[in-house]
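> One structure, pasted below without further comment.
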Amino acid sequence: MAKDFNSQYVVDGYDEHIRKLIPGYEVVHQQIQALLKTYADEYADVLIVGCGTGYELGHLVRLFPNWTFTATELSAAMLDKAKQQIHSLNASHRVEFVLGDVDQLKTGQRYDAALSILVTHFVAYSDKPKLFKAIHSRLKPQGLFITFDLTRIKSDQELEILKHISQANGLTTSQSAAMIDRLEDDFYPLSKQETFEQLKLSGFDSVERFTQILSYQGYLAIKA
């Protein structure tokens, strides 16, 4: 059964659950922050596609005090949680929240960077090219796009590895089994080659993989 991200129960437990589910969750965010420090300007305007509960956004707000953000989210419950977190940081004036997708952003608004972390693997295969092109169109020249997602599972052994790592991180046996079952309902992962091809076809000039942790991979794409 697909997970209901509009459920308050799911939203309230998300930040704890995701750390058990995703191998190297904190390390990935450290890598993303290092990339942003390297590639983005001191006064950047950043798009967060699928901000979730605002965990990632909250870190960036604290780390980059001169940045402004636009954060999209399809789940109203998730977006409310993110708003609460940013409000607690006294940073609401630096973040514009949008309940919807990239197509619903203000016309003509352009960004120095865009992030989509653990989001695009939920997007149907037929809709991925549209999303990547929409993100590309919203970036300024030399703007960067960072994405991190589950990639296509190639074997039963890879599924077993994901089960073992999630159990080591704190999931129960039944929870890890449910995670595997959800892969068919919730996820539309691309292979490494497909990810490169789709990002290139969307208009990105440079595409590089910056990390891999088991079946999860991160990519950095730069607009010409």
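Each chain of the structure tokens is named A, B, ... in the order shown, its residues numbered from 1; ligands are numbered from 1 in display order.
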Within 8 Å of stretch 46-62 of chain A, which residues of stretch 73-142 of chain A show up? Give each one with its shortest atom-to-atom distance in Å (one decimal) and the two atoms involved, counting only C-alpha atoms, rows by chain then rising residue number, as CSV.


residue,atom,partner,partner_atom,distance
A:Glu73,CA,A:Gly50,CA,4.5
A:Leu74,CA,A:Gly50,CA,7.1
A:Ser75,CA,A:Gly52,CA,7.8
A:Met78,CA,A:Thr53,CA,5.0
A:Leu79,CA,A:Thr53,CA,6.4
A:Asp80,CA,A:Thr53,CA,7.8
A:Lys81,CA,A:Thr53,CA,5.1
A:Ala82,CA,A:Gly54,CA,4.0
A:Lys83,CA,A:Gly54,CA,7.4
A:Gln85,CA,A:Gly54,CA,6.5
A:Ile86,CA,A:Gly58,CA,6.1
A:Leu89,CA,A:Gly58,CA,7.7
A:Ala91,CA,A:Val61,CA,7.3
A:Asp101,CA,A:Val49,CA,7.6
A:Val102,CA,A:Val49,CA,7.2
A:Tyr111,CA,A:Val46,CA,5.5
A:Asp112,CA,A:Val46,CA,5.9
A:Ala113,CA,A:Val46,CA,5.0
A:Ala114,CA,A:Leu47,CA,4.5
A:Leu115,CA,A:Ile48,CA,5.0
A:Ser116,CA,A:Val49,CA,5.0
A:Ile117,CA,A:Gly50,CA,7.6
A:Val119,CA,A:Gly50,CA,6.2

> What does the file look like for those residues with C-alpha atoms, as a PDB file, in the first residue's frame?


ATOM      1  CA  GLU A  73       5.192  20.557  -1.482  1.00  0.00           C
ATOM      2  CA  LEU A  74       2.194  18.526  -2.675  1.00  0.00           C
ATOM      3  CA  SER A  75       1.103  17.479   0.840  1.00  0.00           C
ATOM      4  CA  MET A  78       3.873  18.232   5.211  1.00  0.00           C
ATOM      5  CA  LEU A  79       3.866  21.883   4.202  1.00  0.00           C
ATOM      6  CA  ASP A  80       2.260  22.925   7.487  1.00  0.00           C
ATOM      7  CA  LYS A  81       4.983  21.050   9.379  1.00  0.00           C
ATOM      8  CA  ALA A  82       7.658  22.823   7.340  1.00  0.00           C
ATOM      9  CA  LYS A  83       6.064  26.221   7.984  1.00  0.00           C
ATOM     10  CA  GLN A  85       9.758  24.628  11.662  1.00  0.00           C
ATOM     11  CA  ILE A  86      10.759  27.733   9.715  1.00  0.00           C
ATOM     12  CA  LEU A  89      13.663  29.697  13.418  1.00  0.00           C
ATOM     13  CA  ALA A  91      12.935  32.823   9.193  1.00  0.00           C
ATOM     14  CA  ASP A 101       4.372  21.639  -8.061  1.00  0.00           C
ATOM     15  CA  VAL A 102       6.997  23.606  -9.971  1.00  0.00           C
ATOM     16  CA  TYR A 111      16.753  30.514  -9.063  1.00  0.00           C
ATOM     17  CA  ASP A 112      20.469  30.067  -8.484  1.00  0.00           C
ATOM     18  CA  ALA A 113      19.981  26.482  -7.324  1.00  0.00           C
ATOM     19  CA  ALA A 114      17.264  23.850  -7.039  1.00  0.00           C
ATOM     20  CA  LEU A 115      17.156  20.808  -4.779  1.00  0.00           C
ATOM     21  CA  SER A 116      14.974  17.725  -5.030  1.00  0.00           C
ATOM     22  CA  ILE A 117      15.986  15.275  -2.313  1.00  0.00           C
ATOM     23  CA  VAL A 119      11.383  13.261  -4.235  1.00  0.00           C
TER      24      VAL A 119
END

> Write out as a VMD selection string all residues of stretch 17-113 of chain A that backbone DSSP assigns to alpha helix (DSSP H).

chain A and resid 17 to 21 25 to 39 55 to 63 76 to 88

> Grab the residues selected above and save them as a short mmCIF file (atom, residue, chain, number, x, y, z; two decimals), in the first residue's frame with N, CA and C atoms.


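What landed in selection.cif:
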data_model
loop_
_atom_site.label_atom_id
_atom_site.label_comp_id
_atom_site.auth_asym_id
_atom_site.auth_seq_id
_atom_site.Cartn_x
_atom_site.Cartn_y
_atom_site.Cartn_z
N HIS A 17 11.54 8.35 11.07
CA HIS A 17 11.46 7.15 10.23
C HIS A 17 12.44 7.22 9.07
N ILE A 18 12.60 8.39 8.47
CA ILE A 18 13.44 8.50 7.28
C ILE A 18 14.89 8.19 7.59
N ARG A 19 15.34 8.48 8.80
CA ARG A 19 16.72 8.18 9.18
C ARG A 19 16.97 6.69 9.30
N LYS A 20 15.94 5.94 9.59
CA LYS A 20 16.06 4.49 9.64
C LYS A 20 15.95 3.88 8.25
N LEU A 21 15.25 4.58 7.40
CA LEU A 21 14.94 4.05 6.07
C LEU A 21 16.06 4.28 5.06
N TYR A 25 21.71 8.98 5.73
CA TYR A 25 20.84 10.15 5.55
C TYR A 25 21.55 11.45 5.93
N GLU A 26 22.17 11.49 7.09
CA GLU A 26 22.86 12.70 7.54
C GLU A 26 24.08 13.01 6.67
N VAL A 27 24.79 11.98 6.26
CA VAL A 27 25.99 12.16 5.43
C VAL A 27 25.61 12.78 4.09
N VAL A 28 24.50 12.34 3.53
CA VAL A 28 24.04 12.89 2.25
C VAL A 28 23.79 14.39 2.38
N HIS A 29 23.13 14.80 3.47
CA HIS A 29 22.86 16.22 3.66
C HIS A 29 24.15 17.01 3.87
N GLN A 30 25.15 16.42 4.51
CA GLN A 30 26.44 17.08 4.64
C GLN A 30 27.08 17.30 3.27
N GLN A 31 26.96 16.30 2.41
CA GLN A 31 27.52 16.41 1.06
C GLN A 31 26.81 17.51 0.27
N ILE A 32 25.49 17.55 0.38
CA ILE A 32 24.71 18.57 -0.33
C ILE A 32 25.10 19.97 0.14
N GLN A 33 25.27 20.13 1.43
CA GLN A 33 25.66 21.43 1.96
C GLN A 33 27.05 21.83 1.46
N ALA A 34 27.95 20.86 1.33
CA ALA A 34 29.29 21.14 0.82
C ALA A 34 29.22 21.57 -0.65
N LEU A 35 28.37 20.91 -1.43
CA LEU A 35 28.19 21.29 -2.83
C LEU A 35 27.65 22.72 -2.94
N LEU A 36 26.68 23.04 -2.11
CA LEU A 36 26.08 24.37 -2.16
C LEU A 36 27.09 25.44 -1.76
N LYS A 37 27.89 25.16 -0.74
CA LYS A 37 28.92 26.12 -0.32
C LYS A 37 29.94 26.36 -1.44
N THR A 38 30.17 25.33 -2.24
CA THR A 38 31.16 25.42 -3.32
C THR A 38 30.61 26.13 -4.55
N TYR A 39 29.38 25.81 -4.93
CA TYR A 39 28.85 26.27 -6.22
C TYR A 39 27.94 27.49 -6.14
N TYR A 55 12.91 19.69 7.24
CA TYR A 55 14.18 19.37 7.90
C TYR A 55 15.36 19.95 7.11
N GLU A 56 15.43 19.61 5.85
CA GLU A 56 16.51 20.09 4.98
C GLU A 56 16.47 21.61 4.86
N LEU A 57 15.29 22.16 4.68
CA LEU A 57 15.13 23.60 4.56
C LEU A 57 15.60 24.32 5.82
N GLY A 58 15.26 23.78 6.98
CA GLY A 58 15.68 24.38 8.23
C GLY A 58 17.18 24.45 8.37
N HIS A 59 17.87 23.39 7.96
CA HIS A 59 19.33 23.38 8.01
C HIS A 59 19.91 24.45 7.10
N LEU A 60 19.35 24.57 5.89
CA LEU A 60 19.88 25.53 4.94
C LEU A 60 19.62 26.97 5.39
N VAL A 61 18.46 27.19 5.99
CA VAL A 61 18.15 28.53 6.50
C VAL A 61 19.17 28.96 7.55
N ARG A 62 19.56 28.03 8.41
CA ARG A 62 20.55 28.36 9.45
C ARG A 62 21.96 28.50 8.86
N LEU A 63 22.27 27.65 7.91
CA LEU A 63 23.63 27.59 7.37
C LEU A 63 23.93 28.77 6.43
N ALA A 76 -0.36 19.04 1.98
CA ALA A 76 -0.66 20.18 2.85
C ALA A 76 -0.17 19.93 4.28
N ALA A 77 -0.27 18.69 4.75
CA ALA A 77 0.18 18.36 6.11
C ALA A 77 1.69 18.52 6.23
N MET A 78 2.42 18.05 5.22
CA MET A 78 3.87 18.23 5.21
C MET A 78 4.23 19.71 5.18
N LEU A 79 3.55 20.46 4.35
CA LEU A 79 3.87 21.88 4.20
C LEU A 79 3.61 22.63 5.51
N ASP A 80 2.54 22.29 6.20
CA ASP A 80 2.26 22.92 7.49
C ASP A 80 3.38 22.65 8.49
N LYS A 81 3.88 21.41 8.48
CA LYS A 81 4.98 21.05 9.38
C LYS A 81 6.23 21.87 9.05
N ALA A 82 6.50 22.04 7.76
CA ALA A 82 7.66 22.82 7.34
C ALA A 82 7.50 24.28 7.75
N LYS A 83 6.31 24.83 7.58
CA LYS A 83 6.06 26.22 7.98
C LYS A 83 6.31 26.41 9.48
N GLN A 84 5.87 25.44 10.28
CA GLN A 84 6.08 25.52 11.72
C GLN A 84 7.56 25.54 12.07
N GLN A 85 8.32 24.69 11.37
CA GLN A 85 9.76 24.63 11.66
C GLN A 85 10.45 25.94 11.30
N ILE A 86 10.12 26.49 10.14
CA ILE A 86 10.76 27.73 9.72
C ILE A 86 10.32 28.89 10.61
N HIS A 87 9.07 28.88 11.04
CA HIS A 87 8.58 29.91 11.96
C HIS A 87 9.35 29.87 13.28
N SER A 88 9.65 28.66 13.75
CA SER A 88 10.39 28.52 15.01
C SER A 88 11.81 29.06 14.89
#

> Measuring between only C-alpha atoms, which one of A:Leu190, A:Leu171, A:Leu105, A:Ala221 shows the shortest distance to A:Phe122?

A:Leu190

> Which of these, A:Val123, A:Ser7, A:Pro65, A:Gly24, has the shortest distance to A:Asp185 once you count only C-alpha atoms?

A:Val123

> Ranking A:Glu208, A:Glu16, A:Glu158, A:Asp127 by minimum distance to A:Gln193 and counting only C-alpha atoms, which one comes first?

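When distances to A:Gln193 are compared using only C-alpha atoms, the smallest one comes from A:Glu208.
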
> Rank A:Val95, A:Ile22, A:Leu201, A:Leu150 by their smallest atom-to-atom distance to A:His121, using only C-alpha atoms, and report the top residue only.

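For A:His121, the nearest of the candidates is A:Leu150.
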
> Out of A:Leu220, A:Ala168, A:Ile161, A:Ala71, which residue has the shortest atom-to-atom distance to A:Thr147 when counting only C-alpha atoms?

A:Leu220

> So which residues touch A:Ala44 within 7 Å, counting only C-alpha atoms, skipping near sequence neighbours fewer than 4 positions away, as a PDB file with N, CA and C atoms, in the first residue's frame?


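New file selection-v8.pdb:
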ATOM      1  N   ALA A  40      27.277  27.722  -5.026  1.00  0.00           N
ATOM      2  CA  ALA A  40      26.282  28.795  -4.946  1.00  0.00           C
ATOM      3  C   ALA A  40      26.888  30.077  -4.390  1.00  0.00           C
ATOM      4  N   TRP A  67      20.537  33.730   2.237  1.00  0.00           N
ATOM      5  CA  TRP A  67      19.774  33.117   1.152  1.00  0.00           C
ATOM      6  C   TRP A  67      18.279  33.306   1.345  1.00  0.00           C
ATOM      7  N   THR A  68      17.549  33.301   0.222  1.00  0.00           N
ATOM      8  CA  THR A  68      16.091  33.229   0.248  1.00  0.00           C
ATOM      9  C   THR A  68      15.665  31.944  -0.444  1.00  0.00           C
ATOM     10  N   ASP A 112      19.048  30.402  -8.363  1.00  0.00           N
ATOM     11  CA  ASP A 112      20.469  30.067  -8.484  1.00  0.00           C
ATOM     12  C   ASP A 112      20.714  28.569  -8.309  1.00  0.00           C
TER      13      ASP A 112
END

> When distances are computed from only C-alpha atoms, which of A:Ser137, A:Arg209, A:Ile153, A:Thr172 shows the smallest separation from A:Glu184?

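Once distances to A:Glu184 are computed over only C-alpha atoms, the minimum belongs to A:Ile153.
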
> Using DSSP assignments from the backbone, pull out every residue in stretch 7-188 of chain A that falls under strand (DSSP E or B) and give it to me as a PyMOL selection string.

chain A and resi 45-49+68-73+95-99+111-117+139-150

> Keeping only C-alpha atoms, write the selected residues to a file as a JSON list (two decimals), in the first residue's frame.


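Generated output (out-v9.json):
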[["chain", "number", "residue", "atom", "x", "y", "z"],
["A", 45, "ASP", "CA", 17.76, 32.33, -4.28],
["A", 46, "VAL", "CA", 17.07, 28.61, -3.92],
["A", 47, "LEU", "CA", 14.17, 26.38, -4.96],
["A", 48, "ILE", "CA", 13.36, 23.34, -2.81],
["A", 49, "VAL", "CA", 11.17, 20.89, -4.76],
["A", 68, "THR", "CA", 16.09, 33.23, 0.25],
["A", 69, "PHE", "CA", 14.03, 30.15, -0.56],
["A", 70, "THR", "CA", 10.94, 28.96, -2.37],
["A", 71, "ALA", "CA", 9.68, 25.61, -1.07],
["A", 72, "THR", "CA", 7.08, 23.53, -2.90],
["A", 73, "GLU", "CA", 5.19, 20.56, -1.48],
["A", 95, "VAL", "CA", 10.86, 31.45, 2.65],
["A", 96, "GLU", "CA", 7.96, 31.42, 0.21],
["A", 97, "PHE", "CA", 5.88, 28.25, 0.57],
["A", 98, "VAL", "CA", 3.90, 26.86, -2.37],
["A", 99, "LEU", "CA", 1.32, 24.07, -2.06],
["A", 111, "TYR", "CA", 16.75, 30.51, -9.06],
["A", 112, "ASP", "CA", 20.47, 30.07, -8.48],
["A", 113, "ALA", "CA", 19.98, 26.48, -7.32],
["A", 114, "ALA", "CA", 17.26, 23.85, -7.04],
["A", 115, "LEU", "CA", 17.16, 20.81, -4.78],
["A", 116, "SER", "CA", 14.97, 17.72, -5.03],
["A", 117, "ILE", "CA", 15.99, 15.27, -2.31],
["A", 139, "LEU", "CA", 17.18, 28.07, -13.08],
["A", 140, "LYS", "CA", 19.38, 31.01, -13.97],
["A", 141, "PRO", "CA", 22.34, 30.40, -16.33],
["A", 142, "GLN", "CA", 24.95, 28.35, -14.45],
["A", 143, "GLY", "CA", 22.28, 27.38, -11.93],
["A", 144, "LEU", "CA", 22.70, 24.01, -10.26],
["A", 145, "PHE", "CA", 20.26, 21.19, -9.65],
["A", 146, "ILE", "CA", 20.94, 18.62, -6.92],
["A", 147, "THR", "CA", 18.88, 15.46, -6.71],
["A", 148, "PHE", "CA", 19.18, 12.34, -4.54],
["A", 149, "ASP", "CA", 16.93, 9.33, -5.01],
["A", 150, "LEU", "CA", 16.54, 5.60, -5.05]]

> Record the distance separating atom CA of A:Ala177 and atom CA of A:Lys163, expressed in Å with one decimal.

7.0 Å
